[in-house]
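K.L.:
One structure, pasted below without further comment.
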Amino acid sequence: MAMEAKLSHTAAMILQAVNAGHIYGFSVMEMTGLPSGTVYPAMRRLERDELIRSHWEQQSIADAEQRPPRKYYKLTRAGKMTLEASRKRYPLLAKLISSEQVESI
Amino acid sequence: MTPRFALVFRGLYLCLLRSASMLVPRRQRAEWWKEWRSELWHVRQACTPEASGSLRGEQEVAAFCLGAFQDAYCLRCDLRRERVPLATTKGSASQCMLFLTAVTVASCGIALLLPGVRAELQPSHYRIAPGLVLIQSARAAALDSVPTISAEQFQVWERRRQHIFDGFAFYRVVREPLSTASRGQTTLGIAHASLNLFELLGLSMRFPLSDGQAPDNVPRIVLSDGVWRSDFGGDPNIVGHRVTVGSLQATVVGVATPGSWRLPGKVDAWLLGPNVETGYGGAGFIVARLMSSEASNLWSEKGHLKAPTPDGSLDDFLCVSLAERTRGPQDIFLFAVILACLALPATTSLPLGEYRQSSHKLSWSTRLRRWSFLLSKLALLLPIVYFVSLDLAYLRITFDTFTSEYIQLVSSFSICLFGLRWVLRDQRQRCPVCLGKLSHPAKVGQPSRTFLAWNGTELICVGGHGLLHVPEMPTSWFSTQRWLYLDPSWEILFAEPTVVSTGYF
């Protein structure tokens with residue numbers, strides 16, 4: 001991204017949730033309490049602005065667990081920097097979604 | 001909840017997602033569908049586990065699926081934003097369309113203000129009774145505006161029993177003084193005509209004097225609209241008054257509807273009465289009405305006829321359908337447009353240039369926009385040609401019909417030809433991506449090296465979409481102008497000074 005974007009509180013919350021380990025759309029929804037019509041468009045725009053990036057889970061892993069593969073999201077370097085700036089702007093962000101909830105995938 | 005209901009709900013959710021996917025741009029649809037379908041599976045697992053399926057859980061899943069529409073709509077909006085906006089520089093496509101629209105509205109407005117044009121645009125003026133023909137001598141067929149039938153000839157035919165025609169009218173045009181007690185004398189083109197001429201042609205008149213009011217023993221005169229306005233000040237009270245035409249006294253019985261006279265001869269007034277048409281001898285014109293049984297046999301617009309002459313011999317005559325002479329301005333306009341289209345390749349090259357030699361693939365919407373712009377210009381040009389030519393042809397009401405038609409034909413052809421040339425030239429000088437006018441022309445190469453390297457003019461799109469190379473002298477290897485798309489590495493030269501940050505919500 002050419003210049004650091006100033007995120008809205010909702011976008012910052014989603015970025016914080018992804019950083020906290022809620023790495024697919026539905027878990028972000030559950031964590032933030034935002035509806036699907038807000039979360040998915042926002043994640044697409046964050047990905048468009050290269051603040052997060054996505055990748056598909058391997059088919060073999062999904063097959064072993066007898067479920068469809070998921071699309072996972074991860075913060076980029078620019079995303080981490082933007083999140084740091086957003087935490088200063090929204091001090092309660094870290095308290096709302098704690099980074100200690102990071103899961104290992 | 002039974003498995004059957006669960007299956008119904010699953011089908012319903014998939015239908016919702018499939019409907020929403022229709023909003024997603026095609027190139028992103030497959031991935032979008034895969035993600036939402038996968039997410040749906042997980043949402044259902046979380047909200048409606050098989051053992052404890054509940055209506056509340058299904059509502060949550062339905063709400064999740066409805067969010068897909070918002071997501072799909074956002075993707076669609078993002079695609080719109082990605083489209084290349086139209087150039088806003090001087091001479092942009094919008095300005096061009098605005099200018100053409102303004103000219104169209106202005107020419108149409110002027111047409112509606114001019115009484116001559118208004119009269120021409122009324123279709124009722126061109127309704128002519130079927131089977132009416134103008135009879136001329138076959139010897140002078142090439143000059144149909146020259147009177148060829150003598151008054152004696154007319155009298156011979158009128159006396160004979162007819163097998164083909166059931167009505168005749170004769171007229172001849174002479175310049176004679178017309179005088180009134182109050183307005184003095186003026187010399188006009190007077191058509192001395194049979195009493196039934198207007199009735200035979202089905203011509204209407206304004207302020208008509210009823211048969212009871214018009215004296216039978218005095219010839220009647222019908223004024224043309226131009227004379228009524230110029231010589232009688234447009235006074236409707238002139239109807240019923242006596243005027244002197246040459247040595248004859250006549251009663252004004254009405255004013256002819258403007259533009260209704262389509263027959264040969266420039267006529268300012270029609271003197272109608274028994275024997276007035278033959279009184280002075282001289283050649284004139286005959287209008288005849290074919291019997292209904294014969295009218296259907298007149299397949300073409302012209303037909304030959306052998307008829308007796310006053311000396312008893314047979315002579316060749318030509319019957320010309322009056323439908324040919326009563327064509328409206330639309331026919332002249334269409335003829336002029338066809339002529340201009342035929343003449344166009346002789347005045348300019350038709351190709352818009354070469355846009356192929358590039359790996360740059362334009363989206364279909366950008367290409368469609370370019371062609372729509374060209375078609376819109378052509379579509380606006382046609383009404384401009386039509387109304388401007390009518391405005392010129394009927395600017396003065398005193399122009400006779402043939403002069404007006406001639407002016408309309410010449411002006412339609414000229415404006416259409418130059419308009420088409422301009423449309424093509426303008427299209428060639430525009431960027432195919434943003435439709436902006438190309439600028440900054442630069443001479444490249446040397447004329448003396450034409451056969452070794454290219455020599456011509458280079459123009460650039462200020463939006464940075466490409467360069468246009470126009471050869472100075474067309475050669476076998478560089479015959480027409482070429483467009484060169486610039487790749488993204490050039491963007492730095494044309495970047496906006498400030499980056500607008502888009503919001504997320």
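Ordered as shown in the structure tokens, chains take letters A, B, and onward, while each chain numbers its residues from 1 and ligands are numbered from 1 in the order shown.
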Check the DSSP output for the backbone and give back, as JSON, numbers by chain, the residues of stretch 292-482 of chain B in alpha helix (DSSP H).

P.N.:
{"B": [292, 293, 294, 295, 322, 323, 324, 325, 329, 330, 331, 332, 333, 334, 335, 336, 337, 338, 339, 340, 341, 342, 343, 344, 345, 346, 347, 364, 365, 366, 367, 368, 369, 370, 371, 372, 373, 374, 375, 376, 377, 378, 379, 380, 381, 382, 383, 384, 385, 386, 387, 388, 389, 390, 391, 392, 393, 401, 402, 403, 404, 405, 406, 407, 408, 409, 410, 411, 412, 413, 414, 415, 416, 417, 418, 419, 420, 421, 422, 423, 424, 425, 426, 427, 428]}

K.L.:
Go ahead and save the residues from that selection, with C-alpha atoms, as a compact mmCIF listing (two decimals), in the first residue's frame.

P.N.:
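Listed below is the output, again.txt:
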# COMPACT_ATOMS: atom_id res chain seq x y z
CA SER B 292 -60.31 3.52 -60.09
CA SER B 293 -60.13 0.49 -62.41
CA GLU B 294 -57.08 2.00 -64.19
CA ALA B 295 -55.30 3.34 -61.11
CA LEU B 322 -48.14 12.88 -58.51
CA ALA B 323 -47.04 10.68 -55.62
CA GLU B 324 -43.51 11.16 -57.01
CA ARG B 325 -43.83 14.93 -56.77
CA PRO B 329 -38.63 16.27 -46.60
CA GLN B 330 -37.84 12.88 -45.07
CA ASP B 331 -37.37 11.34 -48.54
CA ILE B 332 -34.98 14.10 -49.60
CA PHE B 333 -33.10 13.73 -46.32
CA LEU B 334 -32.75 9.95 -46.72
CA PHE B 335 -31.60 10.36 -50.31
CA ALA B 336 -28.99 12.94 -49.26
CA VAL B 337 -27.75 10.70 -46.42
CA ILE B 338 -27.34 7.74 -48.80
CA LEU B 339 -25.49 9.98 -51.27
CA ALA B 340 -23.21 11.27 -48.51
CA CYS B 341 -22.47 7.71 -47.32
CA LEU B 342 -21.55 6.74 -50.87
CA ALA B 343 -19.34 9.80 -51.29
CA LEU B 344 -17.64 9.44 -47.91
CA PRO B 345 -14.99 6.84 -48.93
CA ALA B 346 -13.87 9.20 -51.71
CA THR B 347 -13.17 12.01 -49.25
CA TRP B 364 -15.44 -5.57 -23.09
CA SER B 365 -17.13 -2.67 -21.27
CA THR B 366 -14.35 -0.26 -22.36
CA ARG B 367 -14.58 -1.46 -25.95
CA LEU B 368 -18.37 -1.24 -25.84
CA ARG B 369 -18.10 2.29 -24.46
CA ARG B 370 -15.88 3.33 -27.36
CA TRP B 371 -18.24 1.95 -29.99
CA SER B 372 -21.27 3.37 -28.18
CA PHE B 373 -19.63 6.80 -28.30
CA LEU B 374 -19.12 6.51 -32.06
CA LEU B 375 -22.71 5.34 -32.61
CA SER B 376 -24.06 8.10 -30.36
CA LYS B 377 -22.22 10.74 -32.39
CA LEU B 378 -23.68 9.31 -35.59
CA ALA B 379 -27.14 9.14 -34.02
CA LEU B 380 -26.96 12.80 -33.00
CA LEU B 381 -25.54 13.87 -36.34
CA LEU B 382 -28.60 12.68 -38.28
CA PRO B 383 -31.20 14.90 -36.53
CA ILE B 384 -28.76 17.82 -36.78
CA VAL B 385 -28.49 17.29 -40.55
CA TYR B 386 -32.26 16.96 -40.88
CA PHE B 387 -33.26 20.01 -38.87
CA VAL B 388 -30.44 22.33 -40.02
CA SER B 389 -31.18 21.53 -43.68
CA LEU B 390 -34.89 22.17 -43.09
CA ASP B 391 -34.06 25.43 -41.31
CA LEU B 392 -31.99 26.58 -44.30
CA ALA B 393 -34.49 25.39 -46.91
CA THR B 401 -41.21 24.46 -53.22
CA PHE B 402 -38.54 23.48 -55.72
CA THR B 403 -36.03 26.02 -54.48
CA SER B 404 -36.60 24.81 -50.93
CA GLU B 405 -36.21 21.17 -51.93
CA TYR B 406 -33.02 21.99 -53.80
CA ILE B 407 -31.60 23.86 -50.80
CA GLN B 408 -32.58 20.98 -48.53
CA LEU B 409 -30.94 18.39 -50.76
CA VAL B 410 -27.68 20.34 -51.15
CA SER B 411 -27.46 21.32 -47.49
CA SER B 412 -28.37 17.81 -46.25
CA PHE B 413 -25.71 16.27 -48.45
CA SER B 414 -23.03 18.80 -47.51
CA ILE B 415 -23.69 18.77 -43.77
CA CYS B 416 -24.00 14.99 -43.69
CA LEU B 417 -20.77 14.44 -45.64
CA PHE B 418 -18.74 16.85 -43.55
CA GLY B 419 -20.42 15.60 -40.38
CA LEU B 420 -19.50 11.99 -41.12
CA ARG B 421 -15.93 13.04 -41.92
CA TRP B 422 -15.75 14.89 -38.60
CA VAL B 423 -17.18 11.93 -36.67
CA LEU B 424 -14.54 9.57 -38.07
CA ARG B 425 -11.71 12.07 -37.65
CA ASP B 426 -12.75 12.85 -34.09
CA GLN B 427 -12.93 9.14 -33.23
CA ARG B 428 -9.44 8.55 -34.63

K.L.:
What residues in chain B lie within 6 Å of chain A, counting only C-alpha atoms, written as a ChimeraX atom specification?

P.N.:
/B:38,64,67,70-71

K.L.:
Write the selection just made, keeping N, CA and C atoms, as a compact mmCIF listing (two decimals), in the first residue's frame?

P.N.:
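Just written: out-v3.txt:
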# COMPACT_ATOMS: atom_id res chain seq x y z
N SER B 38 -18.09 -23.34 1.73
CA SER B 38 -17.30 -23.92 2.81
C SER B 38 -17.69 -23.31 4.16
N PHE B 64 -26.79 -15.55 8.13
CA PHE B 64 -25.44 -15.64 7.58
C PHE B 64 -25.49 -15.63 6.04
N GLY B 67 -26.13 -12.33 4.35
CA GLY B 67 -24.94 -11.46 4.31
C GLY B 67 -24.14 -11.65 3.03
N GLN B 70 -24.70 -8.92 0.49
CA GLN B 70 -23.96 -7.67 0.74
C GLN B 70 -22.51 -7.82 0.26
N ASP B 71 -21.95 -8.99 0.54
CA ASP B 71 -20.57 -9.24 0.11
C ASP B 71 -20.46 -9.21 -1.43

K.L.:
List as a ChimeraX atom specification the protein and nucleic acid residues near B:Phe170, meaning an atom at most 7 Å away when only C-alpha atoms are counted, but skip any in the same chain fewer than 5 places from it.

P.N.:
/B:193-194,277,284-287

K.L.:
Would you mind writing down, as JSON, numbers by chain, each residue of stretch 136-171 of chain B that DSSP on the backbone assigns to strand (DSSP E or B)?

P.N.:
{"B": [136, 137, 149, 150, 165, 166, 167, 168, 169, 170, 171]}

K.L.:
Write the residues of the preceding selection, restricted to N, CA and C atoms, as an mmCIF file, in the first residue's frame.

P.N.:
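part-v9.cif, written as the output of this step:
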data_model
loop_
_atom_site.group_PDB
_atom_site.id
_atom_site.type_symbol
_atom_site.label_atom_id
_atom_site.label_comp_id
_atom_site.auth_asym_id
_atom_site.auth_seq_id
_atom_site.Cartn_x
_atom_site.Cartn_y
_atom_site.Cartn_z
ATOM 1 N N GLN B 136 -47.695 15.112 -69.559
ATOM 2 C CA GLN B 136 -46.751 15.972 -70.257
ATOM 3 C C GLN B 136 -46.464 15.383 -71.627
ATOM 4 N N SER B 137 -45.968 16.203 -72.492
ATOM 5 C CA SER B 137 -45.552 15.698 -73.797
ATOM 6 C C SER B 137 -44.302 14.835 -73.618
ATOM 7 N N ILE B 149 -48.387 21.280 -72.695
ATOM 8 C CA ILE B 149 -49.730 20.972 -73.207
ATOM 9 C C ILE B 149 -50.440 22.275 -73.559
ATOM 10 N N SER B 150 -50.942 22.329 -74.783
ATOM 11 C CA SER B 150 -51.624 23.557 -75.192
ATOM 12 C C SER B 150 -53.065 23.544 -74.690
ATOM 13 N N PHE B 165 -59.402 8.249 -67.805
ATOM 14 C CA PHE B 165 -59.453 9.306 -66.776
ATOM 15 C C PHE B 165 -60.895 9.697 -66.482
ATOM 16 N N ASP B 166 -61.145 10.060 -65.240
ATOM 17 C CA ASP B 166 -62.488 10.563 -64.909
ATOM 18 C C ASP B 166 -62.453 12.005 -64.406
ATOM 19 N N GLY B 167 -61.336 12.685 -64.566
ATOM 20 C CA GLY B 167 -61.278 14.093 -64.185
ATOM 21 C C GLY B 167 -60.040 14.743 -64.771
ATOM 22 N N PHE B 168 -60.180 15.985 -65.253
ATOM 23 C CA PHE B 168 -59.062 16.746 -65.830
ATOM 24 C C PHE B 168 -59.041 18.139 -65.213
ATOM 25 N N ALA B 169 -57.878 18.669 -65.063
ATOM 26 C CA ALA B 169 -57.760 20.089 -64.704
ATOM 27 C C ALA B 169 -56.535 20.628 -65.429
ATOM 28 N N PHE B 170 -56.639 21.857 -65.891
ATOM 29 C CA PHE B 170 -55.562 22.475 -66.660
ATOM 30 C C PHE B 170 -55.126 23.742 -65.933
ATOM 31 N N TYR B 171 -53.862 24.016 -65.946
ATOM 32 C CA TYR B 171 -53.409 25.314 -65.430
ATOM 33 C C TYR B 171 -52.183 25.768 -66.205
#

K.L.:
Quick one: pull the distance between atom CA of B:Arg56 and atom CA of B:Trp41, Å, one decimal.

P.N.:
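Atom CA of B:Arg56 sits 16.8 Å away from atom CA of B:Trp41.
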
K.L.:
Could you give me, as a ChimeraX atom specification, the residues within 9 Å of B:Cys461, counting only C-alpha atoms and dropping anything in the same chain fewer than 3 positions from it?

P.N.:
/B:430-431,434,436-440,464-468

K.L.:
Can you pull out the residues contacting B:Ala453? Cut-off 12 Å, using only C-alpha atoms, and skip same-chain residues under 3 positions away; I want them as a PDB file with C-alpha atoms, in the first residue's frame.

P.N.:
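What ended up in result.pdb:
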ATOM      1  CA  VAL B 444       8.903  12.258 -35.357  1.00  0.00           C
ATOM      2  CA  GLY B 445      11.372  11.247 -38.074  1.00  0.00           C
ATOM      3  CA  GLN B 446      12.511  13.005 -41.197  1.00  0.00           C
ATOM      4  CA  PRO B 447      10.636  13.139 -44.491  1.00  0.00           C
ATOM      5  CA  SER B 448      13.837  12.269 -46.345  1.00  0.00           C
ATOM      6  CA  ARG B 449      14.038   8.971 -44.434  1.00  0.00           C
ATOM      7  CA  THR B 450      10.431   7.897 -45.049  1.00  0.00           C
ATOM      8  CA  GLY B 456       4.913  11.274 -38.915  1.00  0.00           C
ATOM      9  CA  PRO B 471       2.238   8.409 -40.630  1.00  0.00           C
ATOM     10  CA  GLU B 472       2.973  11.528 -42.648  1.00  0.00           C
ATOM     11  CA  MET B 473       2.974   9.538 -45.843  1.00  0.00           C
ATOM     12  CA  THR B 475       3.495   3.376 -46.988  1.00  0.00           C
ATOM     13  CA  TRP B 477       4.317  -1.080 -44.109  1.00  0.00           C
ATOM     14  CA  PHE B 478       2.725   1.856 -42.295  1.00  0.00           C
TER      15      PHE B 478
END

K.L.:
Rounded to one decimal, what separation in Å do you get between atom CA of B:Arg160 and atom CA of B:Asp315?

P.N.:
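Going from atom CA of B:Arg160 over to atom CA of B:Asp315 covers 15.6 Å.
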